[in-house]
>>> print(open('my_file.pdb').read())   # PDB, C-alpha atoms and all ligand atoms
ATOM      1  CA  MET U 762      54.362  70.012 129.380
ATOM      2  CA  ASN U 763      54.781  71.115 125.783
ATOM      3  CA  LYS U 764      55.750  74.743 125.371
ATOM      4  CA  ASN U 765      55.711  77.222 122.505
ATOM      5  CA  VAL U 766      59.327  78.220 121.944
ATOM      6  CA  LEU U 767      60.753  80.932 119.701
ATOM      7  CA  VAL U 768      64.317  80.169 118.567
ATOM      8  CA  THR U 769      66.009  83.047 116.745
ATOM      9  CA  GLY U 770      68.767  82.196 114.276
ATOM     10  CA  SER U 771      67.476  78.632 113.968
ATOM     11  CA  GLY U 772      68.419  78.095 110.315
ATOM     12  CA  SER U 773      71.916  76.884 111.208
ATOM     13  CA  GLY U 774      74.434  75.986 113.900
ATOM     14  CA  ILE U 775      73.519  76.216 117.561
ATOM     15  CA  GLY U 776      70.017  77.603 116.879
ATOM     16  CA  GLN U 777      69.172  74.703 114.572
ATOM     17  CA  SER U 778      70.482  72.220 117.103
ATOM     18  CA  ILE U 779      68.377  73.817 119.863
ATOM     19  CA  ALA U 780      65.261  73.688 117.651
ATOM     20  CA  ILE U 781      65.854  69.980 116.904
ATOM     21  CA  ARG U 782      66.462  69.090 120.554
ATOM     22  CA  LEU U 783      63.365  70.929 121.779
ATOM     23  CA  ALA U 784      61.141  69.507 119.024
ATOM     24  CA  LYS U 785      62.380  66.024 119.935
ATOM     25  CA  GLU U 786      61.148  66.732 123.467
ATOM     26  CA  GLY U 787      57.704  67.660 122.127
ATOM     27  CA  HIS U 788      57.892  71.445 122.198
ATOM     28  CA  ASN U 789      56.339  73.558 119.435
ATOM     29  CA  ILE U 790      58.891  75.681 117.617
ATOM     30  CA  ILE U 791      58.727  79.125 116.023
ATOM     31  CA  LEU U 792      61.696  79.297 113.660
ATOM     32  CA  ASN U 793      63.294  82.663 112.972
ATOM     33  CA  GLY U 794      66.298  83.729 110.956
ATOM     34  CA  ARG U 795      67.081  85.965 108.034
ATOM     35  CA  THR U 796      67.288  83.301 105.333
ATOM     36  CA  GLN U 797      64.039  81.548 104.442
ATOM     37  CA  ASN U 798      65.789  78.592 102.740
ATOM     38  CA  LYS U 799      67.818  77.736 105.833
ATOM     39  CA  LEU U 800      64.666  77.864 107.985
ATOM     40  CA  LEU U 801      62.911  75.547 105.526
ATOM     41  CA  GLU U 802      65.792  73.078 105.956
ATOM     42  CA  THR U 803      65.412  73.155 109.762
ATOM     43  CA  ASN U 804      61.652  72.832 109.409
ATOM     44  CA  LYS U 805      62.097  69.739 107.233
ATOM     45  CA  ILE U 806      64.241  68.116 109.947
ATOM     46  CA  LEU U 807      61.575  68.901 112.578
ATOM     47  CA  GLU U 808      58.774  67.229 110.567
ATOM     48  CA  LYS U 809      59.460  63.796 112.052
ATOM     49  CA  TYR U 810      58.822  64.995 115.592
ATOM     50  CA  LYS U 811      55.171  65.858 114.764
ATOM     51  CA  VAL U 812      55.184  69.117 116.726
ATOM     52  CA  ARG U 813      53.722  72.427 115.565
ATOM     53  CA  THR U 814      56.216  74.594 113.737
ATOM     54  CA  ILE U 815      56.021  77.929 111.996
ATOM     55  CA  ILE U 816      58.581  79.929 110.039
ATOM     56  CA  LYS U 817      58.870  83.664 110.694
ATOM     57  CA  SER U 818      61.849  84.922 108.739
ATOM     58  CA  GLY U 819      63.118  88.436 109.363
ATOM     59  CA  ASP U 820      65.725  90.622 110.990
ATOM     60  CA  ILE U 821      65.553  90.723 114.793
ATOM     61  CA  SER U 822      67.475  94.006 114.888
ATOM     62  CA  LYS U 823      64.445  95.811 113.384
ATOM     63  CA  SER U 824      61.824  96.822 115.931
ATOM     64  CA  ASN U 825      58.928  96.823 113.411
ATOM     65  CA  PHE U 826      59.674  93.223 112.509
ATOM     66  CA  VAL U 827      60.052  92.073 116.118
ATOM     67  CA  GLU U 828      56.855  93.772 117.303
ATOM     68  CA  GLN U 829      54.937  92.174 114.441
ATOM     69  CA  LEU U 830      56.615  88.778 115.020
ATOM     70  CA  ILE U 831      55.545  88.614 118.660
ATOM     71  CA  ALA U 832      52.025  89.891 117.864
ATOM     72  CA  GLU U 833      51.633  87.193 115.193
ATOM     73  CA  ILE U 834      52.791  84.475 117.596
ATOM     74  CA  ARG U 835      50.211  85.642 120.156
ATOM     75  CA  ASP U 836      47.432  85.793 117.531
ATOM     76  CA  GLU U 837      48.270  82.472 115.892
ATOM     77  CA  TRP U 838      49.431  80.369 118.879
ATOM     78  CA  GLU U 839      47.918  82.270 121.832
ATOM     79  CA  TYR U 840      50.876  81.646 124.162
ATOM     80  CA  LEU U 841      54.621  82.180 123.944
ATOM     81  CA  HIS U 842      56.332  80.351 126.799
ATOM     82  CA  VAL U 843      60.036  80.485 125.986
ATOM     83  CA  VAL U 844      62.367  82.626 123.889
ATOM     84  CA  ILE U 845      65.865  81.511 122.915
ATOM     85  CA  ASN U 846      67.718  84.639 121.792
ATOM     86  CA  ASN U 847      70.362  82.864 119.756
ATOM     87  CA  ALA U 848      70.726  84.940 116.546
ATOM     88  CA  GLY U 849      74.106  86.614 116.381
ATOM     89  CA  ILE U 850      77.086  87.478 114.218
ATOM     90  CA  SER U 851      80.795  87.620 114.993
ATOM     91  CA  GLY U 852      81.802  90.211 112.385
ATOM     92  CA  LYS U 853      85.158  90.228 110.640
ATOM     93  CA  PRO U 854      88.198  89.877 112.941
ATOM     94  CA  SER U 855      89.557  93.352 113.615
ATOM     95  CA  HIS U 856      91.331  95.435 116.239
ATOM     96  CA  ILE U 857      88.938  97.657 118.203
ATOM     97  CA  ILE U 858      90.655 100.799 116.930
ATOM     98  CA  ASN U 859      90.368  99.724 113.284
ATOM     99  CA  ILE U 860      86.760  98.597 113.097
ATOM    100  CA  SER U 861      84.505 100.808 110.956
ATOM    101  CA  GLU U 862      81.527 102.588 112.480
ATOM    102  CA  GLU U 863      79.219 100.641 110.172
ATOM    103  CA  GLU U 864      80.599  97.250 111.257
ATOM    104  CA  PHE U 865      80.443  98.316 114.936
ATOM    105  CA  GLN U 866      76.776  99.297 114.525
ATOM    106  CA  THR U 867      75.826  96.064 112.745
ATOM    107  CA  ILE U 868      77.336  93.866 115.484
ATOM    108  CA  ILE U 869      75.720  95.882 118.275
ATOM    109  CA  ASP U 870      72.367  96.027 116.450
ATOM    110  CA  ILE U 871      72.097  92.267 115.932
ATOM    111  CA  ASN U 872      73.756  90.871 119.064
ATOM    112  CA  PHE U 873      72.657  93.409 121.668
ATOM    113  CA  LYS U 874      69.737  95.464 120.336
ATOM    114  CA  GLY U 875      68.135  92.399 118.726
ATOM    115  CA  THR U 876      68.280  90.448 121.991
ATOM    116  CA  TRP U 877      66.768  93.422 123.820
ATOM    117  CA  LEU U 878      63.983  93.921 121.255
ATOM    118  CA  VAL U 879      62.880  90.277 121.254
ATOM    119  CA  SER U 880      63.061  90.126 125.072
ATOM    120  CA  LYS U 881      61.096  93.353 125.405
ATOM    121  CA  PHE U 882      58.151  92.447 123.177
ATOM    122  CA  ALA U 883      58.090  88.805 124.295
ATOM    123  CA  ALA U 884      58.179  89.699 128.006
ATOM    124  CA  LYS U 885      55.143  91.960 127.607
ATOM    125  CA  ILE U 886      52.966  89.114 126.375
ATOM    126  CA  MET U 887      54.538  86.598 128.778
ATOM    127  CA  LYS U 888      53.618  88.857 131.689
ATOM    128  CA  ARG U 889      50.027  89.209 130.456
ATOM    129  CA  GLN U 890      49.532  85.510 129.729
ATOM    130  CA  ARG U 891      50.904  84.489 133.147
ATOM    131  CA  LYS U 892      47.491  85.336 134.627
ATOM    132  CA  LEU U 893      45.858  82.782 132.295
ATOM    133  CA  ASN U 894      48.563  80.149 131.976
ATOM    134  CA  PRO U 895      50.455  78.529 134.858
ATOM    135  CA  LEU U 896      53.714  78.293 132.936
ATOM    136  CA  ARG U 897      56.305  80.861 133.865
ATOM    137  CA  GLY U 898      57.871  82.707 130.902
ATOM    138  CA  LYS U 899      61.538  81.966 130.217
ATOM    139  CA  LEU U 900      64.105  84.064 128.406
ATOM    140  CA  ILE U 901      67.298  82.205 127.490
ATOM    141  CA  ASN U 902      69.933  84.375 125.872
ATOM    142  CA  ILE U 903      72.990  83.080 124.059
ATOM    143  CA  SER U 904      76.074  85.148 124.820
ATOM    144  CA  SER U 905      79.647  83.799 124.556
ATOM    145  CA  ILE U 906      82.829  83.244 126.546
ATOM    146  CA  ALA U 907      83.847  86.470 124.789
ATOM    147  CA  GLY U 908      81.197  88.217 126.879
ATOM    148  CA  ARG U 909      83.055  87.129 130.034
ATOM    149  CA  GLU U 910      86.623  87.582 128.795
ATOM    150  CA  PRO U 911      87.223  89.732 125.678
ATOM    151  CA  MET U 912      88.779  87.850 122.773
ATOM    152  CA  PRO U 913      91.585  89.428 120.732
ATOM    153  CA  MET U 914      90.433  90.753 117.326
ATOM    154  CA  GLU U 915      86.813  90.298 118.459
ATOM    155  CA  GLY U 916      86.610  93.297 120.766
ATOM    156  CA  ILE U 917      83.282  94.719 119.642
ATOM    157  CA  TYR U 918      81.714  91.248 119.402
ATOM    158  CA  SER U 919      82.979  90.625 122.958
ATOM    159  CA  ALA U 920      81.501  93.919 124.171
ATOM    160  CA  SER U 921      78.153  93.117 122.513
ATOM    161  CA  LYS U 922      78.099  89.733 124.276
ATOM    162  CA  ALA U 923      79.043  91.324 127.629
ATOM    163  CA  ALA U 924      76.057  93.622 127.088
ATOM    164  CA  VAL U 925      73.845  90.554 126.588
ATOM    165  CA  ILE U 926      75.005  89.211 129.981
ATOM    166  CA  SER U 927      74.230  92.489 131.725
ATOM    167  CA  LEU U 928      70.897  92.816 129.931
ATOM    168  CA  THR U 929      69.897  89.310 131.012
ATOM    169  CA  LYS U 930      70.710  90.012 134.659
ATOM    170  CA  GLY U 931      68.650  93.207 134.459
ATOM    171  CA  LEU U 932      65.731  91.316 132.895
ATOM    172  CA  ALA U 933      65.933  88.669 135.627
ATOM    173  CA  LYS U 934      65.643  91.340 138.323
ATOM    174  CA  GLU U 935      62.852  93.311 136.671
ATOM    175  CA  LEU U 936      60.706  90.450 135.392
ATOM    176  CA  ALA U 937      60.676  88.147 138.433
ATOM    177  CA  PRO U 938      58.621  86.294 139.494
ATOM    178  CA  ASP U 939      56.626  85.954 136.257
ATOM    179  CA  ILE U 940      59.599  85.395 133.965
ATOM    180  CA  THR U 941      63.078  83.961 134.453
ATOM    181  CA  ALA U 942      66.060  85.099 132.395
ATOM    182  CA  ASN U 943      69.341  83.240 132.080
ATOM    183  CA  VAL U 944      72.316  83.502 129.781
ATOM    184  CA  VAL U 945      74.357  80.702 128.232
ATOM    185  CA  CYS U 946      77.971  81.339 127.199
ATOM    186  CA  PRO U 947      79.229  78.877 124.582
ATOM    187  CA  GLY U 948      82.959  78.482 123.917
ATOM    188  CA  TYR U 949      84.179  76.955 120.650
ATOM    189  CA  HIS U 950      81.591  74.902 118.778
ATOM    190  CA  ILE U 951      81.613  73.403 115.316
ATOM    191  CA  THR U 952      79.114  75.607 113.446
ATOM    192  CA  PRO U 953      79.135  77.758 110.286
ATOM    193  CA  MET U 954      80.365  80.664 112.465
ATOM    194  CA  TYR U 955      83.701  78.751 112.609
ATOM    195  CA  GLN U 956      83.318  77.332 109.082
ATOM    196  CA  ASP U 957      82.462  73.928 110.586
ATOM    197  CA  ASP U 958      86.208  73.280 110.899
ATOM    198  CA  PRO U 959      87.620  71.931 114.220
ATOM    199  CA  GLN U 960      91.239  72.478 113.129
ATOM    200  CA  LEU U 961      90.532  76.139 112.373
ATOM    201  CA  ILE U 962      89.100  76.444 115.891
ATOM    202  CA  LYS U 963      92.175  74.814 117.486
ATOM    203  CA  ASN U 964      94.533  77.083 115.516
ATOM    204  CA  TYR U 965      92.472  80.018 116.696
ATOM    205  CA  TRP U 966      92.475  79.095 120.390
ATOM    206  CA  ASN U 967      96.245  78.455 120.281
ATOM    207  CA  SER U 968      96.822  81.808 118.591
ATOM    208  CA  ILE U 969      94.951  83.726 121.296
ATOM    209  CA  ASN U 970      95.957  81.390 124.166
ATOM    210  CA  MET U 971      92.389  80.814 125.326
ATOM    211  CA  ILE U 972      92.359  77.011 125.436
ATOM    212  CA  PRO U 973      89.560  74.897 126.970
ATOM    213  CA  ALA U 974      90.655  72.893 130.041
ATOM    214  CA  LEU U 975      88.944  69.886 128.435
ATOM    215  CA  ASN U 976      91.119  70.515 125.334
ATOM    216  CA  LYS U 977      88.233  69.604 123.066
ATOM    217  CA  VAL U 978      86.111  71.390 120.479
ATOM    218  CA  GLY U 979      82.430  71.556 121.427
ATOM    219  CA  THR U 980      79.409  70.740 119.301
ATOM    220  CA  ALA U 981      76.183  72.678 118.821
ATOM    221  CA  GLU U 982      74.463  69.852 120.733
ATOM    222  CA  ASP U 983      76.559  70.649 123.832
ATOM    223  CA  VAL U 984      74.775  73.999 123.983
ATOM    224  CA  ALA U 985      71.360  72.533 123.115
ATOM    225  CA  ASN U 986      71.649  70.086 126.056
ATOM    226  CA  VAL U 987      71.939  72.944 128.538
ATOM    227  CA  VAL U 988      69.237  75.005 126.850
ATOM    228  CA  SER U 989      66.929  71.990 127.075
ATOM    229  CA  PHE U 990      67.440  71.942 130.867
ATOM    230  CA  LEU U 991      66.740  75.685 131.083
ATOM    231  CA  VAL U 992      63.509  75.238 129.095
ATOM    232  CA  SER U 993      62.405  72.431 131.418
ATOM    233  CA  GLU U 994      60.547  72.881 134.687
ATOM    234  CA  ASP U 995      63.642  71.480 136.462
ATOM    235  CA  SER U 996      65.290  74.881 136.109
ATOM    236  CA  ASN U 997      62.440  76.918 137.596
ATOM    237  CA  TYR U 998      64.476  78.119 140.592
ATOM    238  CA  ILE U 999      67.247  79.504 138.392
ATOM    239  CA  THR U1000      67.233  83.095 137.213
ATOM    240  CA  GLY U1001      69.821  85.765 136.424
ATOM    241  CA  GLN U1002      72.586  83.172 135.993
ATOM    242  CA  VAL U1003      75.494  83.048 133.575
ATOM    243  CA  ILE U1004      76.067  79.449 132.496
ATOM    244  CA  GLY U1005      79.309  78.630 130.689
ATOM    245  CA  VAL U1006      79.249  75.766 128.173
ATOM    246  CA  CYS U1007      82.854  76.113 127.087
ATOM    247  CA  GLY U1008      84.847  73.084 128.214
ATOM    248  CA  GLY U1009      86.517  75.281 130.815
ATOM    249  CA  VAL U1010      87.990  78.073 128.692
ATOM    250  CA  ILE U1011      86.947  80.307 131.556
ATOM    251  CA  ILE U1012      86.948  78.891 135.053
TER     252      ILE U1012
HETATM  253  N1  LIG O   1      79.858  78.747 117.323
HETATM  254  C1  LIG O   1      80.478  79.077 118.442
HETATM  255  O1  LIG O   1      81.517  78.523 118.777
HETATM  256  C2  LIG O   1      79.899  80.145 119.328
HETATM  257  C3  LIG O   1      80.627  80.500 120.463
HETATM  258  C4  LIG O   1      80.114  81.464 121.331
HETATM  259  C5  LIG O   1      78.886  82.028 121.065
HETATM  260  N2  LIG O   1      78.197  81.675 119.950
HETATM  261  C6  LIG O   1      76.892  82.328 119.721
HETATM  262  O2  LIG O   1      75.919  81.353 119.401
HETATM  263  C7  LIG O   1      74.920  81.929 118.562
HETATM  264  C8  LIG O   1      74.733  81.035 117.346
HETATM  265  O3  LIG O   1      75.938  81.010 116.595
HETATM  266  P1  LIG O   1      76.341  79.839 115.584
HETATM  267  O4  LIG O   1      77.726  79.468 115.889
HETATM  268  O5  LIG O   1      75.283  78.820 115.543
HETATM  269  O6  LIG O   1      76.429  80.673 114.221
HETATM  270  P2  LIG O   1      75.546  80.624 112.885
HETATM  271  O7  LIG O   1      76.099  81.697 112.020
HETATM  272  O8  LIG O   1      75.447  79.238 112.368
HETATM  273  O9  LIG O   1      74.086  81.015 113.415
HETATM  274  C9  LIG O   1      73.645  82.308 113.633
HETATM  275  C10 LIG O   1      72.241  82.418 113.056
HETATM  276  O10 LIG O   1      71.725  83.720 113.371
HETATM  277  C11 LIG O   1      71.034  84.194 112.238
HETATM  278  N3  LIG O   1      71.012  85.652 112.264
HETATM  279  C12 LIG O   1      72.073  86.494 112.151
HETATM  280  N4  LIG O   1      71.657  87.768 112.174
HETATM  281  C13 LIG O   1      70.300  87.727 112.299
HETATM  282  C14 LIG O   1      69.294  88.724 112.373
HETATM  283  N5  LIG O   1      69.595  90.026 112.315
HETATM  284  N6  LIG O   1      67.994  88.338 112.490
HETATM  285  C15 LIG O   1      67.670  87.021 112.556
HETATM  286  N7  LIG O   1      68.594  86.035 112.479
HETATM  287  C16 LIG O   1      69.881  86.388 112.355
HETATM  288  C17 LIG O   1      71.833  83.673 111.043
HETATM  289  O11 LIG O   1      71.028  83.632 109.879
HETATM  290  C18 LIG O   1      72.244  82.289 111.539
HETATM  291  O12 LIG O   1      71.285  81.324 111.163
HETATM  292  C19 LIG O   1      75.417  83.337 118.225
HETATM  293  O13 LIG O   1      74.765  84.276 119.052
HETATM  294  C20 LIG O   1      76.890  83.276 118.550
HETATM  295  O14 LIG O   1      77.429  84.532 118.881
HETATM  296  C21 LIG O   1      78.678  80.749 119.076
END
>>> encode(input="my_file.pdb", output="structure tokens", more="lines below")
Ligand SMILES: NC(=O)c1ccc[n+]([C@@H]2O[C@H](COP(=O)([O-])OP(=O)(O)OC[C@H]3O[C@@H](n4cnc5c(N)ncnc54)[C@H](O)[C@@H]3O)[C@@H](O)[C@H]2O)c1
Amino acid sequence: MNKNVLVTGSGSGIGQSIAIRLAKEGHNIILNGRTQNKLLETNKILEKYKVRTIIKSGDISKSNFVEQLIAEIRDEWEYLHVVINNAGISGKPSHIINISEEEFQTIIDINFKGTWLVSKFAAKIMKRQRKLNPLRGKLINISSIAGREPMPMEGIYSASKAAVISLTKGLAKELAPDITANVVCPGYHITPMYQDDPQLIKNYWNSINMIPALNKVGTAEDVANVVSFLVSEDSNYITGQVIGVCGGVII
């Protein structure tokens, strides 16, 4: 069954790949990100799949924007079935004791608060619509291996992603049985976050000695494959789970 899916941060990288994969499967996509031009590019790619799409650019760390975003989706599309909380930033590499308060706040606001805000407003309408629509709501949050094992020079990013894992487990407990919530932890994937450069990624994993057992750089599609399963009805008995897509960096 075709679902209405909000994908945050879908102008590039993993978010774009998720939007493409889900559109290919016939789902309708609400594209969100901060940069309108990048969302237009994703939207252009989705045209060939003949699904409904809509662009809602804006900053998911701002509650006014998120409340309005979810209200507009309800008014314009009636139902919101799935949210992929993918938008995130890594910040500049820095020791925890050297990071500025401003940088700390920005990382926490986007990665943690943003995921909470979108989940909060989306879950309210998912709960209400459940009485009218048989589809269970699904929250799928993108954390990181750094949320399971802190990465050197990425301490605050790691903490923000650990918070996303805890938040997702809390959502799963509180929102069952109407809504499931699961969290996906990517490892190293070729996206703009790593300057689309596999060698840079390999240098990085050697330097911090966090090497995937499969000894291979991942793609954005590796994450989209797993998200596609979580969106599908095949995953209906799964909630509150942390799913690593990292080639075995963490085992
Ligand atoms: N690339 C990797 O190897 C990797 C590894 C682990 C986790 N992740 C996570 O995957 C997610 C996607 O990362 P990516 O690698 O595709 O990076 P990316 O930089 O290509 O994508 C992130 C997207 O989020 C958007 N975004 C950032 N702040 C936003 C905000 N406040 N409001 C709305 N949109 C915002 C950006 O515009 C961008 O399009 C992130 O949450 C990231 O932490 C990525």
>>> closest_residue(input="my_file.pdb", among="U:Lys922, U:Lys899, U:Ser904, U:Ser818", to="Ile868 of chain U", atoms="only C-alpha atoms")
U:Lys922
>>> resolve_selection(input="my_file.pdb", expression="the PyMOL selection byres (((chain U and resi 875) around 10) and not hetatm)", output="MDAnalysis selection string")
chainID U and resid 769 820:824 827 846:849 868:874 876:881 925
>>> residues_around(input="my_file.pdb", residues="Leu900 of chain U", least_positions_apart="3", cutoff="6 Å", atoms="only C-alpha atoms", output="count of residues only")
3
>>> atom_distance(input="my_file.pdb", atom1="atom CA of Ile886 of chain U", atom2="atom CA of Asn793 of chain U")
18.1 Å
>>> residues_around(input="my_file.pdb", residues="Thr803 of chain U", least_positions_apart="2", cutoff="8 Å", atoms="all atoms listed in the file", output="MDAnalysis selection string")
chainID U and resid 771:773 777 780:781 799:801 805:807
>>> write_last_selection(input="my_file.pdb", atoms="C-alpha atoms", output="short mmCIF file (atom, residue, chain, number, x, y, z; two decimals), keeping the file's coordinate frame")
data_model
loop_
_atom_site.label_atom_id
_atom_site.label_comp_id
_atom_site.auth_asym_id
_atom_site.auth_seq_id
_atom_site.Cartn_x
_atom_site.Cartn_y
_atom_site.Cartn_z
CA SER U 771 67.48 78.63 113.97
CA GLY U 772 68.42 78.10 110.32
CA SER U 773 71.92 76.88 111.21
CA GLN U 777 69.17 74.70 114.57
CA ALA U 780 65.26 73.69 117.65
CA ILE U 781 65.85 69.98 116.90
CA LYS U 799 67.82 77.74 105.83
CA LEU U 800 64.67 77.86 107.98
CA LEU U 801 62.91 75.55 105.53
CA LYS U 805 62.10 69.74 107.23
CA ILE U 806 64.24 68.12 109.95
CA LEU U 807 61.58 68.90 112.58
#
>>> closest_residue(input="my_file.pdb", among="U:Pro854, U:Ile926, U:Ala883, U:Gly908", to="Tyr965 of chain U", atoms="all atoms listed in the file")
U:Pro854
>>> resolve_selection(input="my_file.pdb", expression="the PyMOL selection byres (((chain U and resi 969) around 12) and not hetatm)", output="PyMOL selection string")
chain U and resi 907+910-915+962-968+970-973+1010
>>> residues_around(input="my_file.pdb", residues="Arg782 of chain U", least_positions_apart="5", cutoff="8 Å", atoms="all atoms listed in the file", output="number ranges by chain")
U: 985-986, 989
